[in-house]
Amino acid sequence: MSGVPASAAGGSSGARRTGPRGTPGAAQGPAERTTPGGAVGRGATEGSAGGRGGKIAAAAVNQASVWNVANLLTMFRLVLVPVFVVLMLGNGGYDPAWRSFAWAAFAVAMFTDLFDGHLARTYNLVTDFGKIADPIADKAIMGAALVCLSALGDLPWWVTAVILGRELGITVLRFVVIRYGVIPASRGGKLKTLTQGIAVGMYVLALTGPLATLRFWVMAAAVVLTVATGLDYVKQAIVLRRRGIAERRAALKDASKESEV
């Protein structure tokens, strides 16, 4: 990617090299060819530039199209959000038939959520759009359901506040510590998502009798998992940040020692 033929490696000091995008580089002088440690700086410089350019080019080539099946499923989930709200609040919000249709829309949204991420990772369909839109779609459908249920008086507002507050807080936390690393999704987090989906789905349906009692306990379990996994993510973020800071300090210390030598 440097644009310098192999035969020109020993050329004159005034030879010009080509940058990663094919633009001429600066003239190379003797200072570029040797480093304080005696290493051949020109080759190292060109190699690193070529490596960086190669990675950038490979990433551009391997970037999947935005219009792939995984992203289409994500877009479909986003479209389902207003559809779900209309169905949920249709005919006053207490009609069992309308609530059944709303449950179907919610179930389809949650079902597609299980597949779009898997498809993206399995078939190399990961895109920048998907990284942003997927979590937005997940939280949009869940948030819409919780707000509708609380507005209709079926679910206490504090439950909605706890779940949505946790989801928003963890999302912000991930972005804050992303410079130090990525907080991976835990099994507890996946179980939390599944439990939330089942609990909210049961509340969306107009259940009565023992099933209405059962949904209360499922939602209670979802709230407990929501809080517990949220605290666990906070702990992981603190450890990740401390480790990242320690590694940076160690790297700076090593760099200062090498410069002294």
# chains A, B, ... in the order shown; residues from 1 in each chain; ligands from 1
call {"tool": "closest_atom_pairs", "arguments": {"of": "range 96-165 of chain A", "to": "range 65-84 of chain A", "cutoff": "9 Å", "atoms": "only C-alpha atoms", "output": "JSON lines"}}
result
{"residue": "A:Phe101", "atom": "CA", "partner": "A:Phe84", "partner_atom": "CA", "distance": 8.2}
{"residue": "A:Ala102", "atom": "CA", "partner": "A:Phe84", "partner_atom": "CA", "distance": 5.2}
{"residue": "A:Trp103", "atom": "CA", "partner": "A:Phe84", "partner_atom": "CA", "distance": 8.0}
{"residue": "A:Ala104", "atom": "CA", "partner": "A:Phe84", "partner_atom": "CA", "distance": 8.7}
{"residue": "A:Ala105", "atom": "CA", "partner": "A:Phe84", "partner_atom": "CA", "distance": 5.8}
{"residue": "A:Phe106", "atom": "CA", "partner": "A:Phe84", "partner_atom": "CA", "distance": 6.6}
{"residue": "A:Val108", "atom": "CA", "partner": "A:Arg77", "partner_atom": "CA", "distance": 8.2}
{"residue": "A:Ala109", "atom": "CA", "partner": "A:Arg77", "partner_atom": "CA", "distance": 5.3}
{"residue": "A:Met110", "atom": "CA", "partner": "A:Arg77", "partner_atom": "CA", "distance": 8.3}
{"residue": "A:Thr112", "atom": "CA", "partner": "A:Leu73", "partner_atom": "CA", "distance": 6.4}
{"residue": "A:Asp113", "atom": "CA", "partner": "A:Thr74", "partner_atom": "CA", "distance": 7.5}
{"residue": "A:Phe115", "atom": "CA", "partner": "A:Ala70", "partner_atom": "CA", "distance": 7.7}
{"residue": "A:Asp116", "atom": "CA", "partner": "A:Ala70", "partner_atom": "CA", "distance": 4.4}
{"residue": "A:Gly117", "atom": "CA", "partner": "A:Ala70", "partner_atom": "CA", "distance": 6.8}
{"residue": "A:His118", "atom": "CA", "partner": "A:Ala70", "partner_atom": "CA", "distance": 8.4}
{"residue": "A:Leu119", "atom": "CA", "partner": "A:Ala70", "partner_atom": "CA", "distance": 6.0}
{"residue": "A:Ala120", "atom": "CA", "partner": "A:Ala70", "partner_atom": "CA", "distance": 5.6}
{"residue": "A:Leu125", "atom": "CA", "partner": "A:Asn68", "partner_atom": "CA", "distance": 6.9}
{"residue": "A:Val126", "atom": "CA", "partner": "A:Ala70", "partner_atom": "CA", "distance": 8.2}
{"residue": "A:Thr127", "atom": "CA", "partner": "A:Val66", "partner_atom": "CA", "distance": 6.6}
{"residue": "A:Asp128", "atom": "CA", "partner": "A:Val66", "partner_atom": "CA", "distance": 8.4}
{"residue": "A:Phe129", "atom": "CA", "partner": "A:Val66", "partner_atom": "CA", "distance": 6.9}
{"residue": "A:Gly130", "atom": "CA", "partner": "A:Asn71", "partner_atom": "CA", "distance": 5.8}
{"residue": "A:Ala133", "atom": "CA", "partner": "A:Thr74", "partner_atom": "CA", "distance": 6.9}
{"residue": "A:Asp134", "atom": "CA", "partner": "A:Thr74", "partner_atom": "CA", "distance": 5.8}
{"residue": "A:Ile136", "atom": "CA", "partner": "A:Leu78", "partner_atom": "CA", "distance": 8.2}
{"residue": "A:Ala137", "atom": "CA", "partner": "A:Leu78", "partner_atom": "CA", "distance": 5.3}
{"residue": "A:Asp138", "atom": "CA", "partner": "A:Arg77", "partner_atom": "CA", "distance": 7.9}
{"residue": "A:Ala140", "atom": "CA", "partner": "A:Val81", "partner_atom": "CA", "distance": 6.8}
{"residue": "A:Ile141", "atom": "CA", "partner": "A:Val81", "partner_atom": "CA", "distance": 5.3}
{"residue": "A:Met142", "atom": "CA", "partner": "A:Val81", "partner_atom": "CA", "distance": 8.9}
{"residue": "A:Ala144", "atom": "CA", "partner": "A:Val81", "partner_atom": "CA", "distance": 7.0}
{"residue": "A:Ala145", "atom": "CA", "partner": "A:Phe84", "partner_atom": "CA", "distance": 8.0}
call {"tool": "residues_around", "arguments": {"residues": "range 155-162 of chain A", "least_positions_apart": "3", "cutoff": "12 Å", "atoms": "only C-alpha atoms", "output": "NGL selection string"}}
result
:A and (142-152 or 165-169 or 196 or 199-200 or 202-204 or 212 or 215-216 or 219-228 or 230)
call {"tool": "atom_distance", "arguments": {"atom1": "CA of Leu240 in chain A", "atom2": "CA of Tyr180 in chain A"}}
result
6.4 Å
call {"tool": "atom_distance", "arguments": {"atom1": "CA of Ser186 in chain A", "atom2": "CA of Asn124 in chain A"}}
result
21.9 Å
call {"tool": "atom_distance", "arguments": {"atom1": "CA of Ala97 in chain A", "atom2": "CA of Leu207 in chain A"}}
result
11.9 Å
call {"tool": "select_by_dssp", "arguments": {"residues": "range 98-240 of chain A", "states": "helix (DSSP H, G or I)", "output": "ChimeraX atom specification"}}
result
/A:98-122,128-151,157-176,187-204,210-240
call {"tool": "write_last_selection", "arguments": {"atoms": "C-alpha atoms", "output": "mmCIF file, in the first residue's frame"}}
result
data_model
loop_
_atom_site.group_PDB
_atom_site.id
_atom_site.type_symbol
_atom_site.label_atom_id
_atom_site.label_comp_id
_atom_site.auth_asym_id
_atom_site.auth_seq_id
_atom_site.Cartn_x
_atom_site.Cartn_y
_atom_site.Cartn_z
ATOM 1 C CA TRP A 98 -56.523 -4.942 20.003
ATOM 2 C CA ARG A 99 -54.232 -6.015 22.834
ATOM 3 C CA SER A 100 -53.795 -9.400 21.147
ATOM 4 C CA PHE A 101 -52.705 -7.718 17.927
ATOM 5 C CA ALA A 102 -50.361 -5.498 19.918
ATOM 6 C CA TRP A 103 -48.890 -8.582 21.570
ATOM 7 C CA ALA A 104 -48.313 -10.134 18.132
ATOM 8 C CA ALA A 105 -46.399 -7.041 16.985
ATOM 9 C CA PHE A 106 -44.363 -7.046 20.205
ATOM 10 C CA ALA A 107 -43.627 -10.774 19.880
ATOM 11 C CA VAL A 108 -42.455 -10.374 16.273
ATOM 12 C CA ALA A 109 -40.161 -7.516 17.304
ATOM 13 C CA MET A 110 -38.632 -9.535 20.133
ATOM 14 C CA PHE A 111 -38.333 -12.603 17.901
ATOM 15 C CA THR A 112 -36.430 -10.736 15.183
ATOM 16 C CA ASP A 113 -34.141 -9.320 17.867
ATOM 17 C CA LEU A 114 -32.908 -12.859 18.494
ATOM 18 C CA PHE A 115 -31.781 -13.243 14.895
ATOM 19 C CA ASP A 116 -30.461 -9.982 13.464
ATOM 20 C CA GLY A 117 -27.400 -9.848 15.709
ATOM 21 C CA HIS A 118 -26.688 -13.551 15.181
ATOM 22 C CA LEU A 119 -26.967 -13.162 11.410
ATOM 23 C CA ALA A 120 -24.718 -10.104 11.410
ATOM 24 C CA ARG A 121 -21.957 -11.877 13.339
ATOM 25 C CA THR A 122 -22.254 -15.229 11.564
ATOM 26 C CA ASP A 128 -21.882 0.920 11.649
ATOM 27 C CA PHE A 129 -25.588 1.448 11.055
ATOM 28 C CA GLY A 130 -26.411 -1.876 12.693
ATOM 29 C CA LYS A 131 -24.242 -1.144 15.722
ATOM 30 C CA ILE A 132 -26.231 2.034 16.367
ATOM 31 C CA ALA A 133 -29.708 1.057 15.169
ATOM 32 C CA ASP A 134 -29.927 -2.377 16.806
ATOM 33 C CA PRO A 135 -29.778 -1.228 20.465
ATOM 34 C CA ILE A 136 -32.048 1.712 19.618
ATOM 35 C CA ALA A 137 -34.644 -0.652 18.148
ATOM 36 C CA ASP A 138 -34.427 -2.962 21.163
ATOM 37 C CA LYS A 139 -34.947 -0.190 23.674
ATOM 38 C CA ALA A 140 -37.581 1.565 21.551
ATOM 39 C CA ILE A 141 -39.989 -1.385 21.435
ATOM 40 C CA MET A 142 -39.433 -2.241 25.103
ATOM 41 C CA GLY A 143 -39.741 1.375 26.181
ATOM 42 C CA ALA A 144 -42.916 1.869 24.131
ATOM 43 C CA ALA A 145 -44.493 -1.193 25.724
ATOM 44 C CA LEU A 146 -43.572 -0.168 29.273
ATOM 45 C CA VAL A 147 -44.770 3.417 28.849
ATOM 46 C CA CYS A 148 -48.059 2.278 27.318
ATOM 47 C CA LEU A 149 -48.660 -0.215 30.120
ATOM 48 C CA SER A 150 -47.955 2.397 32.785
ATOM 49 C CA ALA A 151 -50.094 5.015 31.021
ATOM 50 C CA TRP A 157 -44.570 3.778 36.829
ATOM 51 C CA TRP A 158 -41.682 2.947 39.140
ATOM 52 C CA VAL A 159 -41.201 -0.387 37.336
ATOM 53 C CA THR A 160 -40.997 1.434 34.017
ATOM 54 C CA ALA A 161 -38.580 3.969 35.504
ATOM 55 C CA VAL A 162 -36.297 1.267 36.942
ATOM 56 C CA ILE A 163 -36.102 -0.737 33.708
ATOM 57 C CA LEU A 164 -35.710 2.207 31.337
ATOM 58 C CA GLY A 165 -33.328 4.009 33.687
ATOM 59 C CA ARG A 166 -31.133 0.951 33.884
ATOM 60 C CA GLU A 167 -31.102 0.440 30.103
ATOM 61 C CA LEU A 168 -30.266 4.071 29.402
ATOM 62 C CA GLY A 169 -27.645 4.206 32.146
ATOM 63 C CA ILE A 170 -25.814 1.085 30.966
ATOM 64 C CA THR A 171 -25.865 2.299 27.364
ATOM 65 C CA VAL A 172 -24.252 5.592 28.406
ATOM 66 C CA LEU A 173 -21.773 3.706 30.591
ATOM 67 C CA ARG A 174 -20.683 1.547 27.650
ATOM 68 C CA PHE A 175 -19.890 4.653 25.609
ATOM 69 C CA VAL A 176 -18.012 6.249 28.513
ATOM 70 C CA ARG A 187 -25.477 -14.463 30.563
ATOM 71 C CA GLY A 188 -27.329 -12.581 33.250
ATOM 72 C CA GLY A 189 -27.946 -9.746 30.820
ATOM 73 C CA LYS A 190 -29.336 -12.124 28.212
ATOM 74 C CA LEU A 191 -31.538 -13.790 30.825
ATOM 75 C CA LYS A 192 -32.719 -10.335 31.901
ATOM 76 C CA THR A 193 -33.705 -9.465 28.333
ATOM 77 C CA LEU A 194 -35.586 -12.731 27.904
ATOM 78 C CA THR A 195 -37.395 -12.341 31.229
ATOM 79 C CA GLN A 196 -38.323 -8.749 30.447
ATOM 80 C CA GLY A 197 -39.723 -9.783 27.070
ATOM 81 C CA ILE A 198 -41.857 -12.544 28.575
ATOM 82 C CA ALA A 199 -43.100 -10.360 31.430
ATOM 83 C CA VAL A 200 -43.989 -7.386 29.233
ATOM 84 C CA GLY A 201 -45.638 -9.692 26.717
ATOM 85 C CA MET A 202 -47.812 -11.176 29.456
ATOM 86 C CA TYR A 203 -48.830 -7.688 30.576
ATOM 87 C CA VAL A 204 -49.676 -6.660 27.031
ATOM 88 C CA PRO A 210 -53.933 -17.301 37.707
ATOM 89 C CA LEU A 211 -52.101 -16.052 34.602
ATOM 90 C CA ALA A 212 -52.502 -12.464 35.804
ATOM 91 C CA THR A 213 -50.903 -13.504 39.101
ATOM 92 C CA LEU A 214 -48.131 -15.358 37.295
ATOM 93 C CA ARG A 215 -47.226 -12.314 35.185
ATOM 94 C CA PHE A 216 -46.736 -10.312 38.389
ATOM 95 C CA TRP A 217 -44.059 -12.725 39.587
ATOM 96 C CA VAL A 218 -42.391 -12.891 36.179
ATOM 97 C CA MET A 219 -42.181 -9.103 36.137
ATOM 98 C CA ALA A 220 -40.802 -9.138 39.689
ATOM 99 C CA ALA A 221 -38.061 -11.520 38.530
ATOM 100 C CA ALA A 222 -37.369 -9.242 35.553
ATOM 101 C CA VAL A 223 -36.973 -6.217 37.834
ATOM 102 C CA VAL A 224 -34.597 -8.101 40.143
ATOM 103 C CA LEU A 225 -32.489 -9.254 37.175
ATOM 104 C CA THR A 226 -32.553 -5.736 35.750
ATOM 105 C CA VAL A 227 -31.108 -4.230 38.927
ATOM 106 C CA ALA A 228 -28.638 -7.072 39.599
ATOM 107 C CA THR A 229 -27.185 -7.115 36.080
ATOM 108 C CA GLY A 230 -27.046 -3.327 36.043
ATOM 109 C CA LEU A 231 -24.897 -3.314 39.173
ATOM 110 C CA ASP A 232 -22.715 -6.040 37.667
ATOM 111 C CA TYR A 233 -22.136 -3.948 34.535
ATOM 112 C CA VAL A 234 -21.178 -0.961 36.681
ATOM 113 C CA LYS A 235 -18.645 -3.132 38.484
ATOM 114 C CA GLN A 236 -17.226 -4.368 35.170
ATOM 115 C CA ALA A 237 -16.969 -0.809 33.883
ATOM 116 C CA ILE A 238 -15.022 0.315 36.979
ATOM 117 C CA VAL A 239 -12.595 -2.628 36.677
ATOM 118 C CA LEU A 240 -12.184 -2.047 32.938
#
call {"tool": "closest_residue", "arguments": {"among": "A:Pro96, A:Gly90, A:Gly181, A:Gly153", "to": "Glu247 in chain A", "atoms": "only C-alpha atoms"}}
result
A:Gly181
